[in-house]
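*Asks:* Enclosed is the structure file structure_9.txt (compact mmCIF, C-alpha atoms).
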```txt
# COMPACT_ATOMS: atom_id res chain seq x y z
CA MET I 1 91.39 98.42 116.70
CA ASN I 2 91.40 96.82 113.25
CA ASN I 3 92.08 99.94 111.20
CA GLN I 4 95.71 99.02 110.64
CA ALA I 5 94.95 95.79 108.82
CA THR I 6 94.98 97.36 105.35
CA ILE I 7 98.75 97.83 105.39
CA ASP I 8 100.83 94.72 104.74
CA LYS I 9 103.70 95.02 107.20
CA SER I 10 105.53 91.82 106.30
CA PRO I 11 109.15 93.02 105.82
CA GLN I 12 107.27 96.09 104.54
CA ASN I 13 107.82 94.64 101.04
CA GLY I 14 109.13 98.03 99.93
CA LEU I 15 105.89 99.74 100.92
CA ASP I 16 107.50 102.21 103.33
CA GLU I 17 109.91 103.38 100.65
CA ILE I 18 107.07 103.81 98.15
CA LEU I 19 104.96 105.76 100.64
CA ASN I 20 107.88 108.02 101.57
CA LYS I 21 108.82 108.83 97.98
CA SER I 22 105.18 109.20 96.94
CA ALA I 23 104.53 111.59 99.83
CA ASP I 24 107.56 113.67 98.78
CA LEU I 25 106.21 113.94 95.25
CA MET I 26 102.63 114.69 96.30
CA ALA I 27 103.88 117.35 98.70
CA ARG I 28 105.58 119.11 95.78
CA LEU I 29 103.02 118.58 93.00
CA GLY I 30 99.81 118.19 94.98
CA TYR I 31 97.48 115.21 94.90
CA HIS I 32 95.77 116.15 91.64
CA GLY I 33 99.03 117.20 90.02
CA THR I 34 100.62 113.79 90.60
CA SER I 35 100.00 111.00 88.09
CA MET I 36 100.54 107.27 88.48
CA ARG I 37 103.32 107.56 85.89
CA ASP I 38 104.98 110.23 88.04
CA LEU I 39 104.75 107.92 91.03
CA ALA I 40 106.17 104.98 89.09
CA HIS I 41 109.10 107.12 87.95
CA VAL I 42 109.97 108.54 91.37
CA THR I 43 109.70 105.15 93.09
CA GLY I 44 111.64 103.32 90.39
CA ARG I 45 108.79 100.92 89.73
CA SER I 46 106.76 100.04 86.70
CA LEU I 47 103.08 100.95 86.63
CA SER I 48 102.17 97.31 87.04
CA GLY I 49 104.62 97.10 89.94
CA LEU I 50 102.88 99.96 91.73
CA TYR I 51 99.51 98.29 91.32
CA HIS I 52 100.88 95.44 93.42
CA TYR I 53 100.82 97.82 96.39
CA PHE I 54 97.77 99.98 95.69
CA SER I 55 95.07 100.11 93.06
CA ASN I 56 94.99 103.89 92.49
CA LYS I 57 96.05 107.27 93.89
CA GLU I 58 93.15 107.31 96.30
CA GLU I 59 94.37 104.16 98.00
CA LEU I 60 97.90 105.57 98.11
CA LEU I 61 96.63 108.74 99.80
CA PHE I 62 94.72 106.57 102.25
CA LEU I 63 97.81 104.47 103.06
CA ILE I 64 99.95 107.56 103.69
CA ASN I 65 97.33 108.94 106.07
CA GLN I 66 96.68 105.62 107.74
CA ARG I 67 100.37 104.96 108.38
CA GLY I 68 100.84 108.42 109.87
CA PHE I 69 97.91 108.34 112.27
CA THR I 70 98.45 104.72 113.37
CA SER I 71 102.11 105.52 114.10
CA LEU I 72 101.15 108.55 116.21
CA LEU I 73 98.48 106.57 118.05
CA SER I 74 100.84 103.68 118.71
CA MET I 75 103.42 106.00 120.29
CA THR I 76 100.73 107.74 122.32
CA HIS I 77 99.16 104.54 123.66
CA GLU I 78 102.64 103.33 124.64
CA PHE I 79 103.39 106.25 126.95
CA MET I 80 99.79 106.45 128.22
CA GLU I 81 100.37 103.04 129.79
CA GLN I 82 103.42 104.34 131.65
CA ASP I 83 103.42 105.84 135.14
CA LEU I 84 103.83 109.50 134.10
CA THR I 85 102.57 112.75 135.56
CA PRO I 86 100.05 114.83 133.55
CA LYS I 87 102.86 117.28 132.71
CA GLU I 88 105.12 114.47 131.51
CA ARG I 89 102.34 113.03 129.34
CA LEU I 90 101.67 116.39 127.71
CA SER I 91 105.38 116.87 127.08
CA ARG I 92 105.60 113.37 125.56
CA LEU I 93 102.59 113.97 123.31
CA ILE I 94 104.16 117.15 121.93
CA HIS I 95 107.63 115.68 121.52
CA ASN I 96 106.34 112.53 119.81
CA HIS I 97 104.12 114.49 117.43
CA VAL I 98 106.78 117.05 116.51
CA THR I 99 109.59 114.52 116.20
CA TYR I 100 107.52 112.18 114.04
CA PHE I 101 106.34 114.90 111.69
CA MET I 102 109.75 116.51 111.37
CA SER I 103 111.08 113.21 110.11
CA HIS I 104 108.05 112.93 107.78
CA LEU I 105 107.52 116.52 106.64
CA SER I 106 106.17 115.56 103.22
CA GLU I 107 103.83 113.02 104.77
CA MET I 108 102.66 115.72 107.16
CA ARG I 109 101.82 118.03 104.27
CA VAL I 110 99.87 115.24 102.56
CA MET I 111 98.05 114.30 105.78
CA THR I 112 96.91 117.85 106.41
CA SER I 113 95.43 117.98 102.89
CA GLY I 114 92.57 115.83 104.16
CA SER I 115 90.71 112.84 102.73
CA MET I 116 88.28 114.54 100.33
CA ASP I 117 89.24 112.24 97.45
CA MET I 118 88.51 108.98 99.30
CA ASN I 119 85.54 106.70 99.26
CA ASP I 120 83.24 106.49 102.28
CA GLN I 121 84.86 103.41 103.79
CA ARG I 122 88.40 104.82 103.73
CA SER I 123 87.21 108.22 104.90
CA LYS I 124 85.44 106.54 107.82
CA ILE I 125 88.59 104.67 108.85
CA LEU I 126 90.63 107.87 108.82
CA ARG I 127 87.94 109.81 110.68
CA THR I 128 88.02 107.11 113.36
CA LEU I 129 91.81 107.33 113.66
CA LYS I 130 91.73 111.13 113.81
CA LYS I 131 88.92 111.10 116.37
CA GLU I 132 90.83 108.67 118.58
CA TYR I 133 93.98 110.80 118.36
CA ALA I 134 91.99 113.94 119.15
CA GLU I 135 90.29 112.28 122.11
CA VAL I 136 93.51 111.03 123.68
CA GLY I 137 94.97 114.51 123.18
CA GLN I 138 91.95 116.02 124.91
CA LYS I 139 92.39 113.69 127.86
CA ILE I 140 96.07 114.61 128.17
CA VAL I 141 95.37 118.34 127.92
CA GLY I 142 92.39 118.13 130.30
CA ASP I 143 94.37 116.15 132.88
CA TYR I 144 97.23 118.63 132.68
CA ILE I 145 95.00 121.68 133.16
CA LYS I 146 93.15 120.05 136.05
CA ASP I 147 96.47 119.11 137.66
CA GLN I 148 97.72 122.69 137.35
CA THR I 149 94.57 124.57 138.30
CA GLY I 150 92.35 122.12 140.18
CA ILE I 151 89.59 123.04 137.73
CA ASN I 152 87.73 120.45 135.67
CA TYR I 153 86.95 122.53 132.57
CA PRO I 154 83.99 121.55 130.33
CA HIS I 155 84.64 119.48 127.24
CA ASN I 156 84.21 122.32 124.76
CA ILE I 157 87.00 124.36 126.37
CA ILE I 158 89.36 121.38 126.58
CA SER I 159 88.56 120.49 122.96
CA ARG I 160 89.28 124.04 121.80
CA LYS I 161 92.60 124.17 123.63
CA THR I 162 93.60 120.75 122.29
CA TYR I 163 92.90 121.71 118.69
CA LEU I 164 94.88 124.91 119.20
CA LEU I 165 97.80 122.75 120.33
CA TYR I 166 97.45 120.43 117.33
CA GLY I 167 97.26 123.48 115.11
CA MET I 168 100.63 124.70 116.37
CA MET I 169 102.20 121.30 115.84
CA ASN I 170 100.64 120.57 112.45
CA TRP I 171 101.71 123.81 110.80
CA ILE I 172 105.42 123.03 111.24
CA PHE I 173 105.74 121.89 107.63
CA GLY I 174 104.82 125.39 106.44
CA TRP I 175 107.80 127.15 108.02
CA TYR I 176 110.30 124.78 109.63
CA SER I 177 113.94 124.76 108.57
CA ALA I 178 116.48 122.82 110.61
CA LYS I 179 119.15 125.34 109.63
CA GLU I 180 117.14 128.29 110.93
CA HIS I 181 114.98 126.87 113.71
CA GLY I 182 117.01 124.16 115.41
CA SER I 183 116.22 120.57 116.21
CA ALA I 184 112.89 118.83 116.70
CA ILE I 185 113.52 118.89 120.45
CA ASP I 186 114.07 122.66 120.37
CA VAL I 187 110.78 123.20 118.55
CA ALA I 188 108.87 120.74 120.76
CA ASP I 189 110.20 122.44 123.90
CA ASP I 190 109.11 125.84 122.60
CA ILE I 191 105.63 124.56 121.75
CA PHE I 192 105.34 122.96 125.19
CA ARG I 193 106.35 126.17 126.97
CA THR I 194 104.16 128.38 124.78
CA PHE I 195 101.12 126.17 125.19
CA THR I 196 101.45 125.48 128.91
CA LYS I 197 102.06 129.13 129.78
CA GLY I 198 98.81 130.06 128.04
CA CYS I 199 96.41 127.15 128.37
CA CYS I 200 95.80 127.60 132.09
CA ASN I 201 95.53 131.38 131.83
CA GLU I 202 95.70 133.18 135.16
CA HIS I 203 95.20 129.92 137.09
CA SER I 204 98.54 128.41 135.99
CA LYS I 205 100.90 127.28 138.74
CA ILE I 206 103.92 126.87 136.41
```
Do you think you could lay out the structure here as structure tokens?

*Replies:*
Amino acid sequence: MNNQATIDKSPQNGLDEILNKSADLMARLGYHGTSMRDLAHVTGRSLSGLYHYFSNKEELLFLINQRGFTSLLSMTHEFMEQDLTPKERLSRLIHNHVTYFMSHLSEMRVMTSGSMDMNDQRSKILRTLKKEYAEVGQKIVGDYIKDQTGINYPHNIISRKTYLLYGMMNWIFGWYSAKEHGSAIDVADDIFRTFTKGCCNEHSKI
């Protein structure tokens, strides 16, 4: 997959720091409420310095989204190549997703805002990344349900259950507080138990 090529990863050249601080600001002010001058101030760069990394806010939004989804996909492909049971793969998917987003809560908020302000080429790249992540999630969920019930459910049911799972995981930024709700592992474990107890309905063996 060539979708990662846009990001220059050579010693990161400060890009990770810029993306993190920019995501924090956009999460607070919103995409349209954030100016390039705001971004220059919060990142400690000049306007011309920022343009070394991206040409405008649209490209910045794209880079934040691209980094997030490529990171999630990289972690997922890594454990998919391991000799794990369907239950272990589902648990790993949830733990990776929750742990990553809890350490990137602002990025998560920006990513869930969508790509409505991007040109067709960038939107297409992100749609491809999201589609791939959805499809691998559907395989994991489908394999788990089949392993637990012996039933090979049709794609539309597996897709619905997978998006319900992603919905639970993606909304963390709206309510999570480490002080009140515990660690990322605590939350991931709860999501795993809640989802697995319901997704197989009366056929569940767990």

*Asks:* What is the distance, in Å and to one decimal place, between CA of Leu25 (chain I) and CA of Val187 (chain I)?

*Replies:*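 One can read the CA of Leu25 (chain I) to CA of Val187 (chain I) distance as 25.5 Å.
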
*Asks:* Identify, on the basis of only C-alpha atoms, every residue whose closest approach to Arg193 (chain I) does not exceed 12 Å; exclude the query and any residue fewer than 4 positions from it along the same chain; express the result as a VMD selection string.

*Replies:* chain I and resid 87 90 to 91 94 to 95 165 186 to 189 197 to 200 206

*Asks:* Take the residues just selected and output them with C-alpha atoms as an mmCIF file, in the frame of the given file.

*Replies:*
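As written to disk, part_38.cif reads:
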```cif
data_model
loop_
_atom_site.group_PDB
_atom_site.id
_atom_site.type_symbol
_atom_site.label_atom_id
_atom_site.label_comp_id
_atom_site.auth_asym_id
_atom_site.auth_seq_id
_atom_site.Cartn_x
_atom_site.Cartn_y
_atom_site.Cartn_z
ATOM 1 C CA LYS I 87 102.860 117.280 132.710
ATOM 2 C CA LEU I 90 101.670 116.390 127.710
ATOM 3 C CA SER I 91 105.380 116.870 127.080
ATOM 4 C CA ILE I 94 104.160 117.150 121.930
ATOM 5 C CA HIS I 95 107.630 115.680 121.520
ATOM 6 C CA LEU I 165 97.800 122.750 120.330
ATOM 7 C CA ASP I 186 114.070 122.660 120.370
ATOM 8 C CA VAL I 187 110.780 123.200 118.550
ATOM 9 C CA ALA I 188 108.870 120.740 120.760
ATOM 10 C CA ASP I 189 110.200 122.440 123.900
ATOM 11 C CA LYS I 197 102.060 129.130 129.780
ATOM 12 C CA GLY I 198 98.810 130.060 128.040
ATOM 13 C CA CYS I 199 96.410 127.150 128.370
ATOM 14 C CA CYS I 200 95.800 127.600 132.090
ATOM 15 C CA ILE I 206 103.920 126.870 136.410
#
```

*Asks:* When distances are computed from all atoms listed in the file, which of I:Phe195, I:Tyr144, I:Trp175, I:Tyr100 shows the smallest separation from Thr76 (chain I)?

*Replies:*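 Checking each candidate against Thr76 (chain I), we get I:Tyr100 as the closest.
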
*Asks:* Name the closest residue to Ser177 (chain I) among the candidates I:Ser74, I:Gln66, I:Thr162, I:Ser103; distances are taken between atoms, counting all atoms listed in the file.

*Replies:* I:Ser103

*Asks:* Please enclose the listed atoms of region 174-191 of chain I in an axis-aligned box, pad each side by 8 Å, and write out the centre and the three edge lengths in Å, rounded to one decimal, as JSON.

*Replies:*
```
{"center_x": 112.0, "center_y": 123.6, "center_z": 115.2, "size_x": 30.3, "size_y": 25.5, "size_z": 33.5}
```

*Asks:* How many Å separate CA of Asp83 (chain I) from CA of Asp190 (chain I)?

*Replies:*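 Separation of CA of Asp83 (chain I) and CA of Asp190 (chain I): 24.3 Å.
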
*Asks:* Name the residues in contact with Gly167 (chain I) at a cut-off of 12 Å, using all atoms listed in the file, excluding same-chain residues fewer than 4 positions from it; report them as a list in words.

*Replies:*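 Everything that qualifies: Ile94, His97, Val98, Thr112, Ala134, Arg160, Lys161, Thr162, Tyr163, Trp171, Ile172, Phe173, Gly174, Ile191 and Phe195 of chain I.
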
*Asks:* So, counting only C-alpha atoms, which residue among I:Met102, I:Glu88, I:Leu29, I:Leu15 is closest to His52 (chain I)?

*Replies:* I:Leu15

*Asks:* Rank nothing, just name the residue among I:Asp120, I:Glu180, I:Glu78, I:Glu107 nearest to Leu60 (chain I), using all atoms listed in the file.

*Replies:*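 The closest residue to Leu60 (chain I) is I:Glu107.
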
*Asks:* Excluding Val42 (chain I) and any residue of its chain fewer than 4 positions from it, enumerate the residues within 12 Å of it, using only C-alpha atoms, and give them as a PyMOL selection string.

*Replies:* chain I and resi 17-26+34-38+46-47+50

*Asks:* Quick one: pull the distance between CA of Lys57 (chain I) and CA of Met168 (chain I), Å, one decimal.

*Replies:*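 Rounded to one decimal, the two atoms are 28.8 Å apart.
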
*Asks:* Between I:Thr194, I:Ser106, I:Thr85, I:Asn65, which has the minimum distance to Met118 (chain I) (counting only C-alpha atoms)?

*Replies:*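 With only C-alpha atoms as the atom set, the closest residue is I:Asn65.
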
*Asks:* Between I:Gln121, I:Met169, I:Lys139, I:Tyr176, single out the one closest to His155 (chain I), counting only C-alpha atoms.

*Replies:* I:Lys139

*Asks:* Hey, could you patch up region 43-76 of chain I with N, CA and C atoms and hand it over as a PDB file, in the frame of the given file?

*Replies:*
```pdb
ATOM      1  N   THR I  43     109.459 106.318  92.240  1.00  0.00           N
ATOM      2  CA  THR I  43     109.700 105.150  93.090  1.00  0.00           C
ATOM      3  C   THR I  43     110.542 104.083  92.398  1.00  0.00           C
ATOM      4  N   GLY I  44     110.833 104.292  91.121  1.00  0.00           N
ATOM      5  CA  GLY I  44     111.640 103.320  90.390  1.00  0.00           C
ATOM      6  C   GLY I  44     110.916 102.024  90.107  1.00  0.00           C
ATOM      7  N   ARG I  45     109.604 102.091  90.027  1.00  0.00           N
ATOM      8  CA  ARG I  45     108.790 100.920  89.730  1.00  0.00           C
ATOM      9  C   ARG I  45     108.077 101.092  88.393  1.00  0.00           C
ATOM     10  N   SER I  46     107.630  99.980  87.866  1.00  0.00           N
ATOM     11  CA  SER I  46     106.760 100.040  86.700  1.00  0.00           C
ATOM     12  C   SER I  46     105.347 100.322  87.183  1.00  0.00           C
ATOM     13  N   LEU I  47     104.472 100.725  86.244  1.00  0.00           N
ATOM     14  CA  LEU I  47     103.080 100.950  86.630  1.00  0.00           C
ATOM     15  C   LEU I  47     102.458  99.676  87.198  1.00  0.00           C
ATOM     16  N   SER I  48     102.730  98.566  86.550  1.00  0.00           N
ATOM     17  CA  SER I  48     102.170  97.310  87.040  1.00  0.00           C
ATOM     18  C   SER I  48     102.752  96.962  88.408  1.00  0.00           C
ATOM     19  N   GLY I  49     104.014  97.345  88.638  1.00  0.00           N
ATOM     20  CA  GLY I  49     104.620  97.100  89.940  1.00  0.00           C
ATOM     21  C   GLY I  49     103.954  97.891  91.047  1.00  0.00           C
ATOM     22  N   LEU I  50     103.580  99.139  90.731  1.00  0.00           N
ATOM     23  CA  LEU I  50     102.880  99.960  91.730  1.00  0.00           C
ATOM     24  C   LEU I  50     101.526  99.374  92.079  1.00  0.00           C
ATOM     25  N   TYR I  51     100.846  98.829  91.071  1.00  0.00           N
ATOM     26  CA  TYR I  51      99.510  98.290  91.320  1.00  0.00           C
ATOM     27  C   TYR I  51      99.541  97.058  92.221  1.00  0.00           C
ATOM     28  N   HIS I  52     100.743  96.528  92.458  1.00  0.00           N
ATOM     29  CA  HIS I  52     100.880  95.440  93.420  1.00  0.00           C
ATOM     30  C   HIS I  52     100.629  95.950  94.835  1.00  0.00           C
ATOM     31  N   TYR I  53     100.938  97.233  95.055  1.00  0.00           N
ATOM     32  CA  TYR I  53     100.820  97.820  96.390  1.00  0.00           C
ATOM     33  C   TYR I  53      99.517  98.579  96.600  1.00  0.00           C
ATOM     34  N   PHE I  54      99.032  99.241  95.588  1.00  0.00           N
ATOM     35  CA  PHE I  54      97.770  99.980  95.690  1.00  0.00           C
ATOM     36  C   PHE I  54      97.136 100.079  94.325  1.00  0.00           C
ATOM     37  N   SER I  55      95.803 100.186  94.318  1.00  0.00           N
ATOM     38  CA  SER I  55      95.070 100.110  93.060  1.00  0.00           C
ATOM     39  C   SER I  55      94.970 101.451  92.339  1.00  0.00           C
ATOM     40  N   ASN I  56      95.102 102.568  93.084  1.00  0.00           N
ATOM     41  CA  ASN I  56      94.990 103.890  92.490  1.00  0.00           C
ATOM     42  C   ASN I  56      95.537 104.935  93.457  1.00  0.00           C
ATOM     43  N   LYS I  57      95.514 106.199  93.044  1.00  0.00           N
ATOM     44  CA  LYS I  57      96.050 107.270  93.890  1.00  0.00           C
ATOM     45  C   LYS I  57      95.249 107.424  95.177  1.00  0.00           C
ATOM     46  N   GLU I  58      93.974 107.170  95.102  1.00  0.00           N
ATOM     47  CA  GLU I  58      93.150 107.310  96.300  1.00  0.00           C
ATOM     48  C   GLU I  58      93.608 106.358  97.390  1.00  0.00           C
ATOM     49  N   GLU I  59      93.900 105.121  96.995  1.00  0.00           N
ATOM     50  CA  GLU I  59      94.370 104.160  98.000  1.00  0.00           C
ATOM     51  C   GLU I  59      95.732 104.568  98.520  1.00  0.00           C
ATOM     52  N   LEU I  60      96.589 105.096  97.670  1.00  0.00           N
ATOM     53  CA  LEU I  60      97.900 105.570  98.110  1.00  0.00           C
ATOM     54  C   LEU I  60      97.746 106.681  99.145  1.00  0.00           C
ATOM     55  N   LEU I  61      96.879 107.658  98.861  1.00  0.00           N
ATOM     56  CA  LEU I  61      96.630 108.740  99.800  1.00  0.00           C
ATOM     57  C   LEU I  61      96.123 108.193 101.128  1.00  0.00           C
ATOM     58  N   PHE I  62      95.245 107.214 101.051  1.00  0.00           N
ATOM     59  CA  PHE I  62      94.720 106.570 102.250  1.00  0.00           C
ATOM     60  C   PHE I  62      95.845 105.917 103.051  1.00  0.00           C
ATOM     61  N   LEU I  63      96.728 105.179 102.369  1.00  0.00           N
ATOM     62  CA  LEU I  63      97.810 104.470 103.060  1.00  0.00           C
ATOM     63  C   LEU I  63      98.779 105.434 103.734  1.00  0.00           C
ATOM     64  N   ILE I  64      99.066 106.551 103.083  1.00  0.00           N
ATOM     65  CA  ILE I  64      99.950 107.560 103.690  1.00  0.00           C
ATOM     66  C   ILE I  64      99.316 108.095 104.966  1.00  0.00           C
ATOM     67  N   ASN I  65      98.036 108.436 104.898  1.00  0.00           N
ATOM     68  CA  ASN I  65      97.330 108.940 106.070  1.00  0.00           C
ATOM     69  C   ASN I  65      97.215 107.890 107.161  1.00  0.00           C
ATOM     70  N   GLN I  66      96.864 106.680 106.763  1.00  0.00           N
ATOM     71  CA  GLN I  66      96.680 105.620 107.740  1.00  0.00           C
ATOM     72  C   GLN I  66      97.981 105.316 108.482  1.00  0.00           C
ATOM     73  N   ARG I  67      99.080 105.236 107.738  1.00  0.00           N
ATOM     74  CA  ARG I  67     100.370 104.960 108.380  1.00  0.00           C
ATOM     75  C   ARG I  67     100.724 106.059 109.378  1.00  0.00           C
ATOM     76  N   GLY I  68     100.503 107.314 108.984  1.00  0.00           N
ATOM     77  CA  GLY I  68     100.840 108.420 109.870  1.00  0.00           C
ATOM     78  C   GLY I  68     100.058 108.398 111.169  1.00  0.00           C
ATOM     79  N   PHE I  69      98.737 108.279 111.068  1.00  0.00           N
ATOM     80  CA  PHE I  69      97.910 108.340 112.270  1.00  0.00           C
ATOM     81  C   PHE I  69      98.055 107.089 113.146  1.00  0.00           C
ATOM     82  N   THR I  70      98.243 105.920 112.544  1.00  0.00           N
ATOM     83  CA  THR I  70      98.450 104.720 113.370  1.00  0.00           C
ATOM     84  C   THR I  70      99.789 104.786 114.085  1.00  0.00           C
ATOM     85  N   SER I  71     100.800 105.365 113.451  1.00  0.00           N
ATOM     86  CA  SER I  71     102.110 105.520 114.100  1.00  0.00           C
ATOM     87  C   SER I  71     101.998 106.456 115.296  1.00  0.00           C
ATOM     88  N   LEU I  72     101.327 107.594 115.116  1.00  0.00           N
ATOM     89  CA  LEU I  72     101.150 108.550 116.210  1.00  0.00           C
ATOM     90  C   LEU I  72     100.352 107.927 117.357  1.00  0.00           C
ATOM     91  N   LEU I  73      99.289 107.195 117.018  1.00  0.00           N
ATOM     92  CA  LEU I  73      98.480 106.570 118.050  1.00  0.00           C
ATOM     93  C   LEU I  73      99.249 105.482 118.794  1.00  0.00           C
ATOM     94  N   SER I  74     100.056 104.725 118.083  1.00  0.00           N
ATOM     95  CA  SER I  74     100.840 103.680 118.710  1.00  0.00           C
ATOM     96  C   SER I  74     101.805 104.258 119.736  1.00  0.00           C
ATOM     97  N   MET I  75     102.492 105.343 119.362  1.00  0.00           N
ATOM     98  CA  MET I  75     103.420 106.000 120.290  1.00  0.00           C
ATOM     99  C   MET I  75     102.677 106.566 121.489  1.00  0.00           C
ATOM    100  N   THR I  76     101.492 107.125 121.242  1.00  0.00           N
ATOM    101  CA  THR I  76     100.730 107.740 122.320  1.00  0.00           C
ATOM    102  C   THR I  76     100.207 106.692 123.303  1.00  0.00           C
TER     103      THR I  76
END
```
